[in-house]
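A.B. asks: One structure follows; several queries about it will come next.
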Amino acid sequence: MRLLLALLFLVASAVHAEDRFEVLGGTCRYTPVGNGVWYTESYAHTLNMTSSCAFIGMALVKPSQDRIRTGYRVGYADLGVARTDAVFPMVDAEQASHPSGANCDPATFSGCLGRGRGEQQAKGLSLGYLAEMDASGAILGAEIGAFLYQGSWSVRITSEAGGTFKPFTLDWSGVQISPYIGLTARYGYLTAMYRIYGSIRAAEHGCGGCSGVAQGKATQALIGLSVPF
């Protein structure tokens with residue numbers, strides 16, 4: 001929060017602007033990493049890549065008599081939570097043989113199936129360059145910027161066979177950065193925003209891209225209020 005306040009102060013100090021405070025909510029959608037990483041089409045799995053999400057921030061636009069005005073948008077973006085629930089072979093060497101679980105050995109877990117329930121999140125600060133145009137009373141905008149975010153992934157591993165297996169949880173997180181592009185439409189106080197983030201993932205590196213169930217593009221569709229102050 002202190003970092004956000006400091007960033008808002010610096011941007012506001014640098015631009016003599018028509019300031020607006022923005023609060024928006026809506027839905028975000030992550031892109032799944034693909035078959036074979038945390039889930040496989042050979043076994044039952046559920047992917048929920050759509051989540052509620054939000055943006056809170058400020059738009060600072062330079063006063064101008066021209067039809068197109070420019071400025072900045074800075075704020076906090078939360079892309080919500082992607083969730084997965086997937087069944088998989090407990091022994092890595094048996095991934096290609098696709099055991100059914102019917103001949104499970106609970107002592108060695110050969111032929112056994114497990115289950116992974118995971119959650120992935122991305123939230124952080126965005127700063128973008130904004131251009132707006134008056135279009136018959138509505139204000140249309142476009143922006144491009146960077147999203148500095150905390151990416152995280154947590155998955156709980158359990159056995160479908162019981163036995164001596166002790167459930168455990170894998171957690172990792174770290175700071176990532178992604179470019180984004182966005183479009184806005186404003187009429188009075190009412191504002192709609194649509195963004196595409198280019199690179200959203202969790203923080204694990206060196207595992208062939210298996211940082212989490214989501215990796216790649218994410219989209220954000222929001223509606224809310226933009227209030228001058």
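Identifiers in the structure tokens: chain A, B, ... in order shown; residue index from 1 per chain; ligand index from 1 in order shown.
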What are the DSSP strand (DSSP E or B) residues of range 21-75 of chain A, as a ChimeraX atom specification?
C.D. replies: /A:21-32,45-48,50-61,68-75
A.B. asks: Write the residues of the selection above to a file with N, CA and C atoms, as a short mmCIF file (atom, residue, chain, number, x, y, z; two decimals), in the first residue's frame.
C.D. replies:
data_model
loop_
_atom_site.label_atom_id
_atom_site.label_comp_id
_atom_site.auth_asym_id
_atom_site.auth_seq_id
_atom_site.Cartn_x
_atom_site.Cartn_y
_atom_site.Cartn_z
N PHE A 21 -10.59 9.51 -9.71
CA PHE A 21 -10.41 8.30 -8.92
C PHE A 21 -11.32 7.22 -9.49
N GLU A 22 -10.77 6.02 -9.71
CA GLU A 22 -11.52 4.96 -10.40
C GLU A 22 -11.62 3.70 -9.54
N VAL A 23 -12.81 3.16 -9.48
CA VAL A 23 -13.06 1.88 -8.80
C VAL A 23 -13.91 1.03 -9.74
N LEU A 24 -13.36 -0.11 -10.18
CA LEU A 24 -14.06 -0.95 -11.14
C LEU A 24 -13.99 -2.42 -10.71
N GLY A 25 -15.01 -3.17 -11.08
CA GLY A 25 -15.04 -4.61 -10.82
C GLY A 25 -15.61 -5.35 -12.01
N GLY A 26 -15.28 -6.64 -12.12
CA GLY A 26 -15.78 -7.42 -13.24
C GLY A 26 -15.20 -8.81 -13.23
N THR A 27 -14.83 -9.29 -14.42
CA THR A 27 -14.32 -10.65 -14.55
C THR A 27 -12.98 -10.66 -15.28
N CYS A 28 -12.13 -11.61 -14.89
CA CYS A 28 -10.85 -11.84 -15.55
C CYS A 28 -10.78 -13.29 -16.00
N ARG A 29 -10.00 -13.53 -17.03
CA ARG A 29 -9.81 -14.89 -17.52
C ARG A 29 -8.33 -15.14 -17.78
N TYR A 30 -7.82 -16.21 -17.16
CA TYR A 30 -6.44 -16.64 -17.36
C TYR A 30 -6.38 -17.63 -18.53
N THR A 31 -5.19 -17.79 -19.10
CA THR A 31 -4.95 -18.79 -20.13
C THR A 31 -4.31 -20.02 -19.50
N PRO A 32 -4.90 -21.22 -19.65
CA PRO A 32 -4.29 -22.42 -19.05
C PRO A 32 -2.97 -22.76 -19.70
N HIS A 45 -10.62 -33.76 -14.81
CA HIS A 45 -10.06 -32.51 -14.33
C HIS A 45 -11.07 -31.39 -14.54
N THR A 46 -11.00 -30.41 -13.69
CA THR A 46 -11.84 -29.22 -13.80
C THR A 46 -10.94 -28.00 -13.78
N LEU A 47 -11.08 -27.16 -14.78
CA LEU A 47 -10.33 -25.91 -14.85
C LEU A 47 -11.32 -24.75 -14.75
N ASN A 48 -11.11 -23.89 -13.79
CA ASN A 48 -11.91 -22.68 -13.67
C ASN A 48 -10.98 -21.49 -13.83
N THR A 50 -11.81 -18.47 -15.06
CA THR A 50 -12.50 -17.19 -14.99
C THR A 50 -12.80 -16.84 -13.55
N SER A 51 -12.58 -15.59 -13.18
CA SER A 51 -12.73 -15.18 -11.78
C SER A 51 -13.20 -13.74 -11.70
N SER A 52 -13.84 -13.39 -10.59
CA SER A 52 -14.12 -11.98 -10.33
C SER A 52 -12.80 -11.26 -10.06
N CYS A 53 -12.73 -9.97 -10.42
CA CYS A 53 -11.48 -9.22 -10.27
C CYS A 53 -11.80 -7.74 -10.16
N ALA A 54 -10.76 -6.91 -9.94
CA ALA A 54 -11.02 -5.50 -9.67
C ALA A 54 -9.83 -4.64 -10.04
N PHE A 55 -10.09 -3.34 -10.17
CA PHE A 55 -9.06 -2.32 -10.38
C PHE A 55 -9.42 -1.09 -9.56
N ILE A 56 -8.43 -0.55 -8.83
CA ILE A 56 -8.60 0.69 -8.07
C ILE A 56 -7.42 1.59 -8.42
N GLY A 57 -7.70 2.81 -8.86
CA GLY A 57 -6.58 3.66 -9.22
C GLY A 57 -7.00 5.06 -9.58
N MET A 58 -6.12 5.76 -10.32
CA MET A 58 -6.36 7.13 -10.74
C MET A 58 -5.99 7.28 -12.20
N ALA A 59 -6.76 8.13 -12.89
CA ALA A 59 -6.42 8.58 -14.24
C ALA A 59 -6.05 10.05 -14.14
N LEU A 60 -4.91 10.42 -14.69
CA LEU A 60 -4.43 11.79 -14.66
C LEU A 60 -4.21 12.25 -16.09
N VAL A 61 -5.10 13.12 -16.57
CA VAL A 61 -5.10 13.53 -17.97
C VAL A 61 -4.79 15.01 -18.06
N ILE A 68 -7.94 15.16 -28.68
CA ILE A 68 -7.26 14.03 -28.03
C ILE A 68 -6.39 14.58 -26.90
N ARG A 69 -6.57 14.02 -25.72
CA ARG A 69 -5.79 14.40 -24.55
C ARG A 69 -5.01 13.18 -24.06
N THR A 70 -3.87 13.42 -23.45
CA THR A 70 -3.02 12.34 -22.98
C THR A 70 -2.74 12.47 -21.49
N GLY A 71 -2.30 11.38 -20.91
CA GLY A 71 -1.98 11.37 -19.49
C GLY A 71 -1.53 9.99 -19.05
N TYR A 72 -1.83 9.65 -17.80
CA TYR A 72 -1.39 8.38 -17.22
C TYR A 72 -2.52 7.76 -16.41
N ARG A 73 -2.48 6.45 -16.29
CA ARG A 73 -3.37 5.73 -15.38
C ARG A 73 -2.50 4.84 -14.50
N VAL A 74 -2.70 4.94 -13.20
CA VAL A 74 -1.92 4.17 -12.25
C VAL A 74 -2.87 3.57 -11.22
N GLY A 75 -2.58 2.36 -10.78
CA GLY A 75 -3.47 1.76 -9.79
C GLY A 75 -3.09 0.34 -9.43
#
A.B. asks: Quick one: which range 40-154 of chain A residues come within 12 Å of range 187-208 of chain A, and what is the nearest atom pair for each with the distance in Å to one decimal, counting only C-alpha atoms, rows ordered by chain and ascending number, as JSON lines?
C.D. replies:
{"residue": "A:Ala54", "atom": "CA", "partner": "A:Met193", "partner_atom": "CA", "distance": 10.5}
{"residue": "A:Phe55", "atom": "CA", "partner": "A:Met193", "partner_atom": "CA", "distance": 9.4}
{"residue": "A:Ile56", "atom": "CA", "partner": "A:Met193", "partner_atom": "CA", "distance": 11.8}
{"residue": "A:Ala59", "atom": "CA", "partner": "A:Thr191", "partner_atom": "CA", "distance": 11.6}
{"residue": "A:Arg73", "atom": "CA", "partner": "A:Met193", "partner_atom": "CA", "distance": 11.8}
{"residue": "A:Ala77", "atom": "CA", "partner": "A:Arg195", "partner_atom": "CA", "distance": 10.7}
{"residue": "A:Asp78", "atom": "CA", "partner": "A:Ile200", "partner_atom": "CA", "distance": 11.9}
{"residue": "A:Leu79", "atom": "CA", "partner": "A:Ile200", "partner_atom": "CA", "distance": 9.7}
{"residue": "A:Gly80", "atom": "CA", "partner": "A:Ile200", "partner_atom": "CA", "distance": 11.9}
{"residue": "A:Val81", "atom": "CA", "partner": "A:Ala202", "partner_atom": "CA", "distance": 11.8}
{"residue": "A:Ala82", "atom": "CA", "partner": "A:Arg201", "partner_atom": "CA", "distance": 10.9}
{"residue": "A:Glu119", "atom": "CA", "partner": "A:Ala202", "partner_atom": "CA", "distance": 10.4}
{"residue": "A:Gln120", "atom": "CA", "partner": "A:Ala202", "partner_atom": "CA", "distance": 7.2}
{"residue": "A:Gln121", "atom": "CA", "partner": "A:Ala202", "partner_atom": "CA", "distance": 7.7}
{"residue": "A:Ala122", "atom": "CA", "partner": "A:Ile200", "partner_atom": "CA", "distance": 7.3}
{"residue": "A:Lys123", "atom": "CA", "partner": "A:Ile200", "partner_atom": "CA", "distance": 10.0}
{"residue": "A:Gly124", "atom": "CA", "partner": "A:Ile200", "partner_atom": "CA", "distance": 11.6}
{"residue": "A:Ser126", "atom": "CA", "partner": "A:Tyr197", "partner_atom": "CA", "distance": 10.6}
{"residue": "A:Gly128", "atom": "CA", "partner": "A:Arg195", "partner_atom": "CA", "distance": 11.3}
{"residue": "A:Met133", "atom": "CA", "partner": "A:Tyr187", "partner_atom": "CA", "distance": 11.9}
{"residue": "A:Asp134", "atom": "CA", "partner": "A:Tyr187", "partner_atom": "CA", "distance": 10.0}
{"residue": "A:Ala135", "atom": "CA", "partner": "A:Tyr187", "partner_atom": "CA", "distance": 10.0}
{"residue": "A:Ser136", "atom": "CA", "partner": "A:Tyr187", "partner_atom": "CA", "distance": 10.0}
{"residue": "A:Gly137", "atom": "CA", "partner": "A:Tyr187", "partner_atom": "CA", "distance": 7.0}
{"residue": "A:Ala138", "atom": "CA", "partner": "A:Tyr187", "partner_atom": "CA", "distance": 4.8}
{"residue": "A:Ile139", "atom": "CA", "partner": "A:Tyr187", "partner_atom": "CA", "distance": 6.3}
{"residue": "A:Leu140", "atom": "CA", "partner": "A:Tyr187", "partner_atom": "CA", "distance": 8.9}
{"residue": "A:Gly141", "atom": "CA", "partner": "A:Met193", "partner_atom": "CA", "distance": 9.1}
{"residue": "A:Ala142", "atom": "CA", "partner": "A:Met193", "partner_atom": "CA", "distance": 9.5}
{"residue": "A:Glu143", "atom": "CA", "partner": "A:Arg195", "partner_atom": "CA", "distance": 9.0}
{"residue": "A:Ile144", "atom": "CA", "partner": "A:Arg195", "partner_atom": "CA", "distance": 9.3}
{"residue": "A:Gly145", "atom": "CA", "partner": "A:Tyr197", "partner_atom": "CA", "distance": 9.5}
{"residue": "A:Ala146", "atom": "CA", "partner": "A:Tyr197", "partner_atom": "CA", "distance": 8.7}
{"residue": "A:Phe147", "atom": "CA", "partner": "A:Tyr197", "partner_atom": "CA", "distance": 7.9}
{"residue": "A:Leu148", "atom": "CA", "partner": "A:Ile200", "partner_atom": "CA", "distance": 10.4}
{"residue": "A:Tyr149", "atom": "CA", "partner": "A:Ile200", "partner_atom": "CA", "distance": 8.8}
{"residue": "A:Gln150", "atom": "CA", "partner": "A:Ala202", "partner_atom": "CA", "distance": 7.9}
{"residue": "A:Gly151", "atom": "CA", "partner": "A:Ala202", "partner_atom": "CA", "distance": 4.3}
{"residue": "A:Ser152", "atom": "CA", "partner": "A:Ala202", "partner_atom": "CA", "distance": 4.7}
{"residue": "A:Trp153", "atom": "CA", "partner": "A:Ala202", "partner_atom": "CA", "distance": 5.8}
{"residue": "A:Ser154", "atom": "CA", "partner": "A:Ala202", "partner_atom": "CA", "distance": 9.5}
A.B. asks: Restricted to C-alpha atoms, what would the selected residues look like written as an mmCIF file, in the first residue's frame?
C.D. replies:
data_model
loop_
_atom_site.group_PDB
_atom_site.id
_atom_site.type_symbol
_atom_site.label_atom_id
_atom_site.label_comp_id
_atom_site.auth_asym_id
_atom_site.auth_seq_id
_atom_site.Cartn_x
_atom_site.Cartn_y
_atom_site.Cartn_z
ATOM 1 C CA ALA A 54 -11.020 -5.501 -9.672
ATOM 2 C CA PHE A 55 -9.057 -2.323 -10.376
ATOM 3 C CA ILE A 56 -8.596 0.686 -8.073
ATOM 4 C CA ALA A 59 -6.415 8.581 -14.240
ATOM 5 C CA ARG A 73 -3.373 5.728 -15.383
ATOM 6 C CA ALA A 77 -5.096 -4.522 -10.320
ATOM 7 C CA ASP A 78 -6.252 -7.871 -8.939
ATOM 8 C CA LEU A 79 -6.837 -10.509 -11.623
ATOM 9 C CA GLY A 80 -8.634 -12.884 -9.271
ATOM 10 C CA VAL A 81 -8.066 -16.617 -8.763
ATOM 11 C CA ALA A 82 -7.695 -19.461 -11.292
ATOM 12 C CA GLU A 119 -5.161 -21.913 -6.960
ATOM 13 C CA GLN A 120 -3.219 -19.277 -8.889
ATOM 14 C CA GLN A 121 -3.346 -15.500 -8.419
ATOM 15 C CA ALA A 122 -1.856 -12.326 -9.897
ATOM 16 C CA LYS A 123 -2.167 -8.912 -8.275
ATOM 17 C CA GLY A 124 -0.055 -5.774 -8.264
ATOM 18 C CA SER A 126 -0.043 -1.040 -13.140
ATOM 19 C CA GLY A 128 0.179 3.089 -18.304
ATOM 20 C CA MET A 133 -10.915 11.334 -27.184
ATOM 21 C CA ASP A 134 -14.325 12.968 -26.900
ATOM 22 C CA ALA A 135 -16.813 11.101 -29.089
ATOM 23 C CA SER A 136 -20.241 12.763 -29.002
ATOM 24 C CA GLY A 137 -20.362 13.031 -25.219
ATOM 25 C CA ALA A 138 -18.658 9.722 -24.465
ATOM 26 C CA ILE A 139 -14.947 9.640 -23.705
ATOM 27 C CA LEU A 140 -13.054 6.840 -25.449
ATOM 28 C CA GLY A 141 -9.561 5.916 -24.312
ATOM 29 C CA ALA A 142 -6.658 3.618 -25.114
ATOM 30 C CA GLU A 143 -3.584 2.847 -23.036
ATOM 31 C CA ILE A 144 -0.404 0.830 -22.976
ATOM 32 C CA GLY A 145 1.645 0.067 -19.906
ATOM 33 C CA ALA A 146 3.316 -2.354 -17.529
ATOM 34 C CA PHE A 147 1.888 -4.528 -14.751
ATOM 35 C CA LEU A 148 4.242 -5.282 -11.843
ATOM 36 C CA TYR A 149 2.567 -8.131 -10.001
ATOM 37 C CA GLN A 150 2.915 -10.858 -7.413
ATOM 38 C CA GLY A 151 2.287 -14.205 -9.098
ATOM 39 C CA SER A 152 1.487 -17.170 -6.863
ATOM 40 C CA TRP A 153 0.512 -20.833 -7.165
ATOM 41 C CA SER A 154 -0.576 -23.239 -4.446
#
A.B. asks: Excluding same-chain residues fewer than 2 positions from range 101-111 of chain A, what lies within 6 Å of it counting only C-alpha atoms, as a list of chain:residue names?
C.D. replies: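 Here the qualifying residues turn out to be A:Pro99, A:Leu113, A:Gly163.
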A.B. asks: Since we have the selection now, will you write its residues out, keeping N, CA and C atoms, as a PDB file, in the first residue's frame?
C.D. replies:
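File written: out24.pdb
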ATOM      1  N   PRO A  99      -2.499 -45.378 -15.958  1.00  0.00           N
ATOM      2  CA  PRO A  99      -3.154 -46.375 -15.102  1.00  0.00           C
ATOM      3  C   PRO A  99      -4.571 -45.936 -14.748  1.00  0.00           C
ATOM      4  N   LEU A 113      -3.812 -43.402  -8.360  1.00  0.00           N
ATOM      5  CA  LEU A 113      -4.125 -42.067  -8.826  1.00  0.00           C
ATOM      6  C   LEU A 113      -4.148 -41.086  -7.654  1.00  0.00           C
ATOM      7  N   GLY A 163      -3.766 -45.308   1.880  1.00  0.00           N
ATOM      8  CA  GLY A 163      -2.469 -45.914   2.185  1.00  0.00           C
ATOM      9  C   GLY A 163      -1.657 -45.033   3.122  1.00  0.00           C
TER      10      GLY A 163
END
A.B. asks: Using only C-alpha atoms, which residues sit within 12 Å of Tyr39 in chain A once same-chain residues fewer than 4 positions away are excluded, as a PDB file with N, CA and C atoms, in the first residue's frame?
C.D. replies:
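Heads up, here's the output in result09.pdb:
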ATOM      1  N   PRO A  32      -4.899 -21.219 -19.650  1.00  0.00           N
ATOM      2  CA  PRO A  32      -4.294 -22.420 -19.050  1.00  0.00           C
ATOM      3  C   PRO A  32      -2.967 -22.759 -19.703  1.00  0.00           C
ATOM      4  N   VAL A  33      -2.052 -23.313 -18.909  1.00  0.00           N
ATOM      5  CA  VAL A  33      -0.706 -23.606 -19.400  1.00  0.00           C
ATOM      6  C   VAL A  33      -0.713 -24.692 -20.471  1.00  0.00           C
ATOM      7  N   GLY A  34      -1.674 -25.599 -20.417  1.00  0.00           N
ATOM      8  CA  GLY A  34      -1.771 -26.622 -21.458  1.00  0.00           C
ATOM      9  C   GLY A  34      -1.804 -28.033 -20.899  1.00  0.00           C
ATOM     10  N   ASN A  35      -2.323 -28.943 -21.701  1.00  0.00           N
ATOM     11  CA  ASN A  35      -2.449 -30.344 -21.326  1.00  0.00           C
ATOM     12  C   ASN A  35      -1.090 -30.940 -20.965  1.00  0.00           C
ATOM     13  N   TYR A  43      -7.404 -37.865 -17.751  1.00  0.00           N
ATOM     14  CA  TYR A  43      -8.052 -38.054 -16.452  1.00  0.00           C
ATOM     15  C   TYR A  43      -9.014 -36.906 -16.166  1.00  0.00           C
ATOM     16  N   ALA A  44      -9.907 -37.170 -15.235  1.00  0.00           N
ATOM     17  CA  ALA A  44     -10.892 -36.159 -14.857  1.00  0.00           C
ATOM     18  C   ALA A  44     -10.190 -34.904 -14.337  1.00  0.00           C
ATOM     19  N   HIS A  45     -10.617 -33.765 -14.809  1.00  0.00           N
ATOM     20  CA  HIS A  45     -10.057 -32.506 -14.333  1.00  0.00           C
ATOM     21  C   HIS A  45     -11.070 -31.385 -14.541  1.00  0.00           C
ATOM     22  N   THR A  46     -10.995 -30.408 -13.695  1.00  0.00           N
ATOM     23  CA  THR A  46     -11.836 -29.219 -13.796  1.00  0.00           C
ATOM     24  C   THR A  46     -10.938 -27.998 -13.779  1.00  0.00           C
ATOM     25  N   LEU A  47     -11.076 -27.155 -14.777  1.00  0.00           N
ATOM     26  CA  LEU A  47     -10.332 -25.907 -14.847  1.00  0.00           C
ATOM     27  C   LEU A  47     -11.323 -24.751 -14.750  1.00  0.00           C
ATOM     28  N   ARG A  83      -8.535 -21.664 -10.646  1.00  0.00           N
ATOM     29  CA  ARG A  83      -8.591 -22.869  -9.828  1.00  0.00           C
ATOM     30  C   ARG A  83      -8.597 -24.125 -10.703  1.00  0.00           C
ATOM     31  N   THR A  84      -7.993 -25.184 -10.177  1.00  0.00           N
ATOM     32  CA  THR A  84      -7.985 -26.467 -10.878  1.00  0.00           C
ATOM     33  C   THR A  84      -8.163 -27.611  -9.893  1.00  0.00           C
ATOM     34  N   ASP A  85      -8.781 -28.668 -10.360  1.00  0.00           N
ATOM     35  CA  ASP A  85      -8.957 -29.906  -9.589  1.00  0.00           C
ATOM     36  C   ASP A  85      -8.718 -31.045 -10.577  1.00  0.00           C
ATOM     37  N   ALA A  86      -7.586 -31.743 -10.436  1.00  0.00           N
ATOM     38  CA  ALA A  86      -7.194 -32.708 -11.465  1.00  0.00           C
ATOM     39  C   ALA A  86      -6.689 -34.015 -10.862  1.00  0.00           C
ATOM     40  N   VAL A  87      -7.035 -35.124 -11.506  1.00  0.00           N
ATOM     41  CA  VAL A  87      -6.561 -36.460 -11.141  1.00  0.00           C
ATOM     42  C   VAL A  87      -5.349 -36.801 -12.003  1.00  0.00           C
ATOM     43  N   PHE A  88      -4.369 -37.532 -11.432  1.00  0.00           N
ATOM     44  CA  PHE A  88      -3.136 -37.855 -12.155  1.00  0.00           C
ATOM     45  C   PHE A  88      -2.511 -39.124 -11.571  1.00  0.00           C
ATOM     46  N   PRO A  89      -1.639 -39.828 -12.323  1.00  0.00           N
ATOM     47  CA  PRO A  89      -0.923 -40.990 -11.790  1.00  0.00           C
ATOM     48  C   PRO A  89       0.027 -40.557 -10.673  1.00  0.00           C
ATOM     49  N   GLN A  95       3.161 -41.966 -16.059  1.00  0.00           N
ATOM     50  CA  GLN A  95       2.338 -40.944 -16.709  1.00  0.00           C
ATOM     51  C   GLN A  95       1.892 -41.386 -18.105  1.00  0.00           C
ATOM     52  N   GLY A 114      -3.704 -39.884  -7.920  1.00  0.00           N
ATOM     53  CA  GLY A 114      -3.740 -38.817  -6.931  1.00  0.00           C
ATOM     54  C   GLY A 114      -4.620 -37.682  -7.423  1.00  0.00           C
ATOM     55  N   ARG A 115      -4.719 -36.658  -6.612  1.00  0.00           N
ATOM     56  CA  ARG A 115      -5.535 -35.495  -6.970  1.00  0.00           C
ATOM     57  C   ARG A 115      -4.807 -34.232  -6.541  1.00  0.00           C
ATOM     58  N   GLY A 116      -4.817 -33.229  -7.410  1.00  0.00           N
ATOM     59  CA  GLY A 116      -4.222 -31.926  -7.096  1.00  0.00           C
ATOM     60  C   GLY A 116      -5.258 -30.831  -7.213  1.00  0.00           C
ATOM     61  N   ARG A 117      -5.460 -30.097  -6.126  1.00  0.00           N
ATOM     62  CA  ARG A 117      -6.378 -28.955  -6.120  1.00  0.00           C
ATOM     63  C   ARG A 117      -5.545 -27.686  -5.952  1.00  0.00           C
ATOM     64  N   GLY A 118      -5.582 -26.829  -6.954  1.00  0.00           N
ATOM     65  CA  GLY A 118      -4.679 -25.679  -6.949  1.00  0.00           C
ATOM     66  C   GLY A 118      -5.378 -24.351  -7.168  1.00  0.00           C
ATOM     67  N   VAL A 155      -0.872 -25.651  -4.647  1.00  0.00           N
ATOM     68  CA  VAL A 155      -1.607 -26.860  -5.002  1.00  0.00           C
ATOM     69  C   VAL A 155      -1.493 -27.881  -3.880  1.00  0.00           C
ATOM     70  N   CYS A 210       6.328 -24.872 -15.963  1.00  0.00           N
ATOM     71  CA  CYS A 210       5.211 -25.419 -15.182  1.00  0.00           C
ATOM     72  C   CYS A 210       4.969 -24.624 -13.905  1.00  0.00           C
ATOM     73  N   GLY A 212       2.538 -22.840 -12.895  1.00  0.00           N
ATOM     74  CA  GLY A 212       1.182 -22.932 -12.366  1.00  0.00           C
ATOM     75  C   GLY A 212       0.244 -23.388 -13.457  1.00  0.00           C
ATOM     76  N   VAL A 213      -1.045 -23.433 -13.136  1.00  0.00           N
ATOM     77  CA  VAL A 213      -2.015 -23.900 -14.118  1.00  0.00           C
ATOM     78  C   VAL A 213      -2.301 -22.835 -15.173  1.00  0.00           C
ATOM     79  N   ALA A 214      -1.977 -21.561 -14.881  1.00  0.00           N
ATOM     80  CA  ALA A 214      -2.177 -20.474 -15.832  1.00  0.00           C
ATOM     81  C   ALA A 214      -0.836 -19.915 -16.282  1.00  0.00           C
TER      82      ALA A 214
END
